[in-house]
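File shown: final_16.cif. Contents: mmCIF, C-alpha atoms.
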data_my_file
loop_
_atom_site.label_atom_id
_atom_site.label_comp_id
_atom_site.auth_asym_id
_atom_site.auth_seq_id
_atom_site.Cartn_x
_atom_site.Cartn_y
_atom_site.Cartn_z
CA MET A 901 82.16 132.80 91.68
CA ASN A 902 82.40 130.01 89.08
CA PHE A 903 83.33 126.35 89.48
CA GLU A 904 86.96 126.81 88.45
CA GLN A 905 87.45 129.52 91.07
CA LEU A 906 85.83 127.38 93.77
CA SER A 907 87.82 124.30 92.76
CA SER A 908 91.07 126.26 92.88
CA ALA A 909 90.32 127.83 96.28
CA ARG A 910 88.57 124.92 97.98
CA PRO A 911 88.63 121.58 96.11
CA ASP A 912 86.68 119.92 98.94
CA LEU A 913 83.81 122.39 98.51
CA ALA A 914 83.91 121.91 94.74
CA PHE A 915 83.37 118.17 95.23
CA ILE A 916 80.56 118.68 97.75
CA ALA A 917 78.79 121.29 95.59
CA HIS A 918 77.75 118.70 93.01
CA TRP A 919 75.52 117.07 95.65
CA VAL A 920 73.43 120.25 95.94
CA PRO A 921 70.70 120.30 93.25
CA LYS A 922 70.27 123.45 91.19
CA GLN A 923 67.73 125.99 92.47
CA SER A 924 67.76 124.43 95.96
CA HIS A 925 66.90 126.39 99.09
CA VAL A 926 70.03 125.99 101.23
CA LEU A 927 71.09 126.65 104.81
CA ASP A 928 74.85 126.70 105.43
CA VAL A 929 75.49 126.15 109.15
CA GLY A 930 78.91 127.58 109.98
CA CYS A 931 79.21 129.25 106.58
CA GLY A 932 82.57 130.90 107.31
CA ASP A 933 83.44 133.50 104.68
CA GLY A 934 80.42 132.52 102.56
CA VAL A 935 82.39 131.12 99.63
CA MET A 936 80.18 128.03 99.28
CA LEU A 937 76.88 129.93 99.29
CA ASP A 938 78.40 132.50 96.94
CA TYR A 939 79.11 129.71 94.44
CA LEU A 940 75.74 128.00 94.92
CA GLN A 941 73.90 131.28 94.38
CA SER A 942 75.85 132.41 91.33
CA ASP A 943 76.50 129.11 89.56
CA ARG A 944 73.65 126.82 90.66
CA GLN A 945 70.89 129.41 91.14
CA CYS A 946 70.33 128.40 94.77
CA SER A 947 68.86 130.60 97.49
CA GLY A 948 69.27 130.51 101.23
CA TYR A 949 71.09 131.68 104.32
CA GLY A 950 74.32 131.19 106.16
CA ILE A 951 74.78 130.98 109.93
CA GLU A 952 78.06 132.22 111.39
CA ILE A 953 79.18 133.71 114.70
CA ALA A 954 82.61 135.23 113.94
CA ASP A 955 82.40 138.97 113.20
CA ASP A 956 85.05 138.94 110.46
CA LYS A 957 83.49 135.98 108.65
CA VAL A 958 80.01 137.51 108.86
CA LEU A 959 81.45 140.62 107.23
CA ASP A 960 83.18 138.54 104.52
CA SER A 961 79.92 136.70 103.77
CA THR A 962 77.98 139.95 103.56
CA ARG A 963 80.53 141.39 101.14
CA ARG A 964 80.00 138.35 98.92
CA GLY A 965 76.27 139.03 98.82
CA VAL A 966 75.40 136.11 101.10
CA CYS A 967 72.48 136.52 103.50
CA VAL A 968 74.04 135.58 106.84
CA ILE A 969 72.56 135.33 110.32
CA GLN A 970 75.01 135.94 113.16
CA GLN A 971 74.24 133.25 115.70
CA ASP A 972 75.91 130.63 117.85
CA MET A 973 75.20 127.23 116.28
CA GLU A 974 75.24 125.67 119.75
CA LYS A 975 71.90 127.41 120.40
CA GLY A 976 70.28 125.32 117.70
CA LEU A 977 68.18 126.14 114.68
CA GLY A 978 64.92 127.10 116.39
CA LEU A 979 64.53 130.02 113.97
CA PHE A 980 63.53 127.55 111.27
CA ALA A 981 60.54 125.24 110.92
CA ASP A 982 60.77 121.58 109.97
CA ASN A 983 61.81 120.96 106.35
CA SER A 984 62.41 124.67 105.69
CA PHE A 985 65.33 123.88 103.37
CA ASP A 986 66.06 121.42 100.59
CA THR A 987 69.65 121.01 101.78
CA VAL A 988 71.43 121.95 105.01
CA LEU A 989 75.23 122.15 104.88
CA CYS A 990 77.48 121.74 107.90
CA LEU A 991 80.97 121.67 106.44
CA SER A 992 83.98 121.24 108.72
CA SER A 993 82.02 122.80 111.58
CA LEU A 994 80.36 119.97 113.50
CA GLN A 995 83.60 118.93 115.19
CA MET A 996 83.79 122.38 116.79
CA MET A 997 80.55 121.84 118.70
CA LYS A 998 80.30 120.69 122.31
CA HIS A 999 76.89 119.13 121.71
CA VAL A 1000 77.12 117.35 118.37
CA GLU A 1001 74.11 115.05 118.58
CA PRO A 1002 71.44 117.73 119.26
CA LEU A 1003 72.79 119.92 116.46
CA LEU A 1004 72.87 117.00 114.03
CA ARG A 1005 69.24 116.19 114.86
CA ASP A 1006 68.33 119.85 114.34
CA ILE A 1007 70.12 119.96 110.99
CA VAL A 1008 68.07 117.09 109.60
CA ARG A 1009 64.92 118.51 111.17
CA VAL A 1010 65.10 121.76 109.20
CA GLY A 1011 66.42 120.19 105.99
CA ARG A 1012 65.07 117.48 103.74
CA GLU A 1013 68.69 116.44 103.25
CA ALA A 1014 71.94 117.34 104.98
CA ILE A 1015 75.56 117.31 103.91
CA VAL A 1016 78.07 117.08 106.75
CA SER A 1017 81.86 117.06 106.50
CA PHE A 1018 84.56 116.82 109.17
CA PRO A 1019 88.26 115.93 109.50
CA ASN A 1020 88.72 112.16 109.60
CA PHE A 1021 90.79 111.41 112.69
CA ALA A 1022 91.59 107.93 111.36
CA TYR A 1023 93.61 109.37 108.43
CA TRP A 1024 96.91 107.51 108.35
CA PRO A 1025 99.23 110.50 109.09
CA HIS A 1026 97.09 111.22 112.15
CA ARG A 1027 97.60 107.64 113.32
CA VAL A 1028 101.34 107.92 112.76
CA ALA A 1029 101.49 111.14 114.78
CA LEU A 1030 99.70 109.46 117.68
CA LEU A 1031 102.06 106.48 117.49
CA LYS A 1032 104.89 108.98 117.86
CA GLY A 1033 103.20 110.37 120.96
CA ARG A 1034 102.08 113.64 119.33
CA MET A 1035 98.69 115.14 118.49
CA PRO A 1036 98.11 115.22 114.71
CA VAL A 1037 98.63 118.39 112.68
CA SER A 1038 97.64 118.34 109.00
CA LYS A 1039 95.77 120.31 106.33
CA SER A 1040 92.45 119.09 107.73
CA LEU A 1041 93.65 119.53 111.35
CA PRO A 1042 95.88 122.60 111.00
CA TYR A 1043 96.02 123.60 114.67
CA GLN A 1044 98.17 122.71 117.63
CA TRP A 1045 96.48 120.91 120.52
CA TYR A 1046 96.42 124.10 122.62
CA ASP A 1047 94.79 126.46 120.10
CA THR A 1048 92.47 124.19 118.12
CA PRO A 1049 88.79 125.12 117.76
CA ASN A 1050 87.99 121.42 117.36
CA VAL A 1051 86.51 119.91 120.49
CA ARG A 1052 85.43 116.56 118.99
CA CYS A 1053 87.48 114.01 117.06
CA ALA A 1054 85.72 111.42 114.93
CA THR A 1055 86.35 108.83 112.26
CA ILE A 1056 84.13 107.83 109.35
CA ASN A 1057 82.98 104.74 111.24
CA ASP A 1058 82.22 106.77 114.38
CA PHE A 1059 80.01 109.22 112.53
CA ARG A 1060 78.18 106.48 110.66
CA GLU A 1061 77.25 104.92 114.02
CA LEU A 1062 76.03 108.29 115.33
CA ALA A 1063 73.90 108.81 112.23
CA GLU A 1064 72.30 105.40 112.79
CA GLU A 1065 71.63 106.23 116.46
CA CYS A 1066 69.96 109.48 115.39
CA GLY A 1067 67.67 107.62 112.98
CA LEU A 1068 69.31 108.96 109.85
CA GLU A 1069 69.78 107.31 106.49
CA VAL A 1070 73.24 107.64 104.96
CA LEU A 1071 72.62 108.35 101.28
CA GLU A 1072 76.30 108.75 100.40
CA CYS A 1073 79.56 108.66 102.29
CA VAL A 1074 82.93 109.50 100.77
CA ALA A 1075 86.43 110.25 101.96
CA LEU A 1076 88.40 113.00 100.28
CA ALA A 1077 92.12 113.69 100.04
CA ALA A 1078 93.08 117.03 98.47
CA GLY A 1079 89.50 117.30 97.24
CA GLU A 1080 89.61 113.96 95.39
CA GLN A 1081 87.52 110.95 96.33
CA VAL A 1082 89.39 108.06 97.94
CA SER A 1083 87.91 104.67 97.05
CA VAL A 1084 90.46 102.24 98.52
CA LEU A 1085 90.71 102.14 102.33
CA PRO A 1086 88.83 105.44 102.70
CA ASN A 1087 88.92 105.52 106.53
CA LEU A 1088 92.71 105.21 106.37
CA ARG A 1089 93.55 107.31 103.32
CA GLY A 1090 90.98 110.12 103.41
CA ASP A 1091 91.58 113.20 105.52
CA LEU A 1092 88.04 114.61 105.14
CA ALA A 1093 84.82 112.65 105.59
CA VAL A 1094 81.66 113.77 103.77
CA PHE A 1095 78.17 112.37 104.45
CA ARG A 1096 74.87 113.02 102.68
CA LEU A 1097 72.03 112.26 105.06
CA ARG A 1098 68.27 112.37 105.49
CA LYS A 1099 65.71 111.27 108.05
CA LYS A 1100 64.69 107.65 107.71
CA ALA A 1101 61.19 107.24 106.36
CA LEU A 1102 58.68 106.02 108.90
CA ALA A 1103 57.66 102.41 108.34
#

Once you've parsed the file, please lay out its structure as structure tokens.
Amino acid sequence: MNFEQLSSARPDLAFIAHWVPKQSHVLDVGCGDGVMLDYLQSDRQCSGYGIEIADDKVLDSTRRGVCVIQQDMEKGLGLFADNSFDTVLCLSSLQMMKHVEPLLRDIVRVGREAIVSFPNFAYWPHRVALLKGRMPVSKSLPYQWYDTPNVRCATINDFRELAEECGLEVLECVALAAGEQVSVLPNLRGDLAVFRLRKKALA
């Protein structure tokens, strides 16, 4: 898969991919159909693994040539030692977890850096939907309230506070809309939040 193919299929992943250095060792937590690791392997000469629980997505990843481990992310990343990876990805998956904080700590334990993305609940159409007395439905939140896999709702400001509480340094934080960076009023106008994180250095 090349950059044009990735950008056409998933513009959000195309933006995030430029944060992953070439030849990195990568873990993709909740890798889905493996499209991101497929691109990183073929275009940026990265190596690594994906973690996914859904049978169909594990099969899709395997067909792409991605090394995938079928495992429930809620059980943590005990398979891996500290700093086993240059970069750990958790893209649009963290909000599906019941226990977000322990998984976030584990992600930065096994990776020297982490890239986390999630739907921004403060996106203005979501606010309008709530004002109308309805749960939001959008491209980043495409489910109805009764069939959504998302169990946590967060805003950019919420996640930044959690990162601070977990002793993490926010290296970069952007909001995306249709895969493009939003610079003005990002917590209002961006539907996807993306953070690049690492453990704070000990004083």

> Taking the file as shown, what set of residues would the PyMOL selection byres ((chain A and resi 917-922) around 10) give back, as a PyMOL selection string?
Replying inline: chain A and resi 903+906-907+911-916+923-926+936-937+939-941+943-947+986-989+1013-1015+1072+1096

> If we count all atoms listed in the file, what is near region 1024-1027 of chain A at a cut-off of 12 Å, once residues fewer than 6 positions away on the same chain are taken out, given as a VMD selection string?
Replying inline: chain A and resid 1033 to 1042 1053 to 1055 1077 1085 to 1092

> Using the chain letters and numbers from the file, which residues does the PyMOL selection byres ((chain A and resi 932) around 12) grab, as a VMD selection string?
Replying inline: chain A and resid 928 to 931 933 to 938 949 to 962 964 966 968 to 970 989 to 993

> the PyMOL selection byres ((chain A and resi 1095) around 9) on the file shown: which residues, as JSON, numbers by chain?
Replying inline: {"A": [1014, 1015, 1016, 1017, 1056, 1059, 1060, 1070, 1071, 1072, 1073, 1074, 1075, 1093, 1094, 1096, 1097]}

>> I'd like the interatomic distance between CA of Leu1003 (chain A) and CA of Gly976 (chain A), to a tenth of an Å.
In response: 6.1 Å

Please write out, as JSON, where the centre of an axis-aligned box around all listed atoms of region 1012-1016 of chain A lies and how long its edges are, in Å to one decimal, after adding 8 Å on each side.
{"center_x": 71.6, "center_y": 117.0, "center_z": 105.0, "size_x": 29.0, "size_y": 17.0, "size_z": 19.5}

> Out of A:Gly948, A:Lys1032, A:Pro1019, A:Arg1012, which residue has the shortest atom-to-atom distance to Lys1100 (chain A) when counting all atoms listed in the file?
Replying inline: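 That would be A:Arg1012, the residue with the smallest distance to Lys1100 (chain A).
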
>> I'd like the neighbourhood of His999 (chain A) as a list in words, where a residue qualifies if any of its atoms comes within 12 Å (using only C-alpha atoms), though same-chain residues fewer than 3 positions away should be ignored.
In response: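 Here the answer would be Met973, Glu974, Lys975, Gly976, Ser993, Leu994, Gln995, Met996, Pro1002, Leu1003, Leu1004, Arg1005, Asp1006, Val1051 and Arg1052 of chain A.
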
> Between CA of Val1000 (chain A) and CA of Phe980 (chain A), what is the spacing in Å?
Replying inline: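 CA of Val1000 (chain A) lies 18.4 Å from CA of Phe980 (chain A).
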
> Between A:Gly1079, A:Ala1101, A:Phe1021, A:Glu1001, which is the closest to Ser908 (chain A) once you count only C-alpha atoms?
Replying inline: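 The shortest atom-to-atom distance to Ser908 (chain A) comes from A:Gly1079.
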
> CA of Leu1068 (chain A) to CA of Arg1098 (chain A): how many Å, to one decimal?
Replying inline: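 Computing it gives 5.6 Å between the two atoms.
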
> Using all atoms listed in the file, which of the listed residues (A:Ser984, A:Leu927, A:Lys998, A:Arg963) sits closest to Asn1050 (chain A)?
Replying inline: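 Looking only at the distances to Asn1050 (chain A), the closest residue turns out to be A:Lys998.
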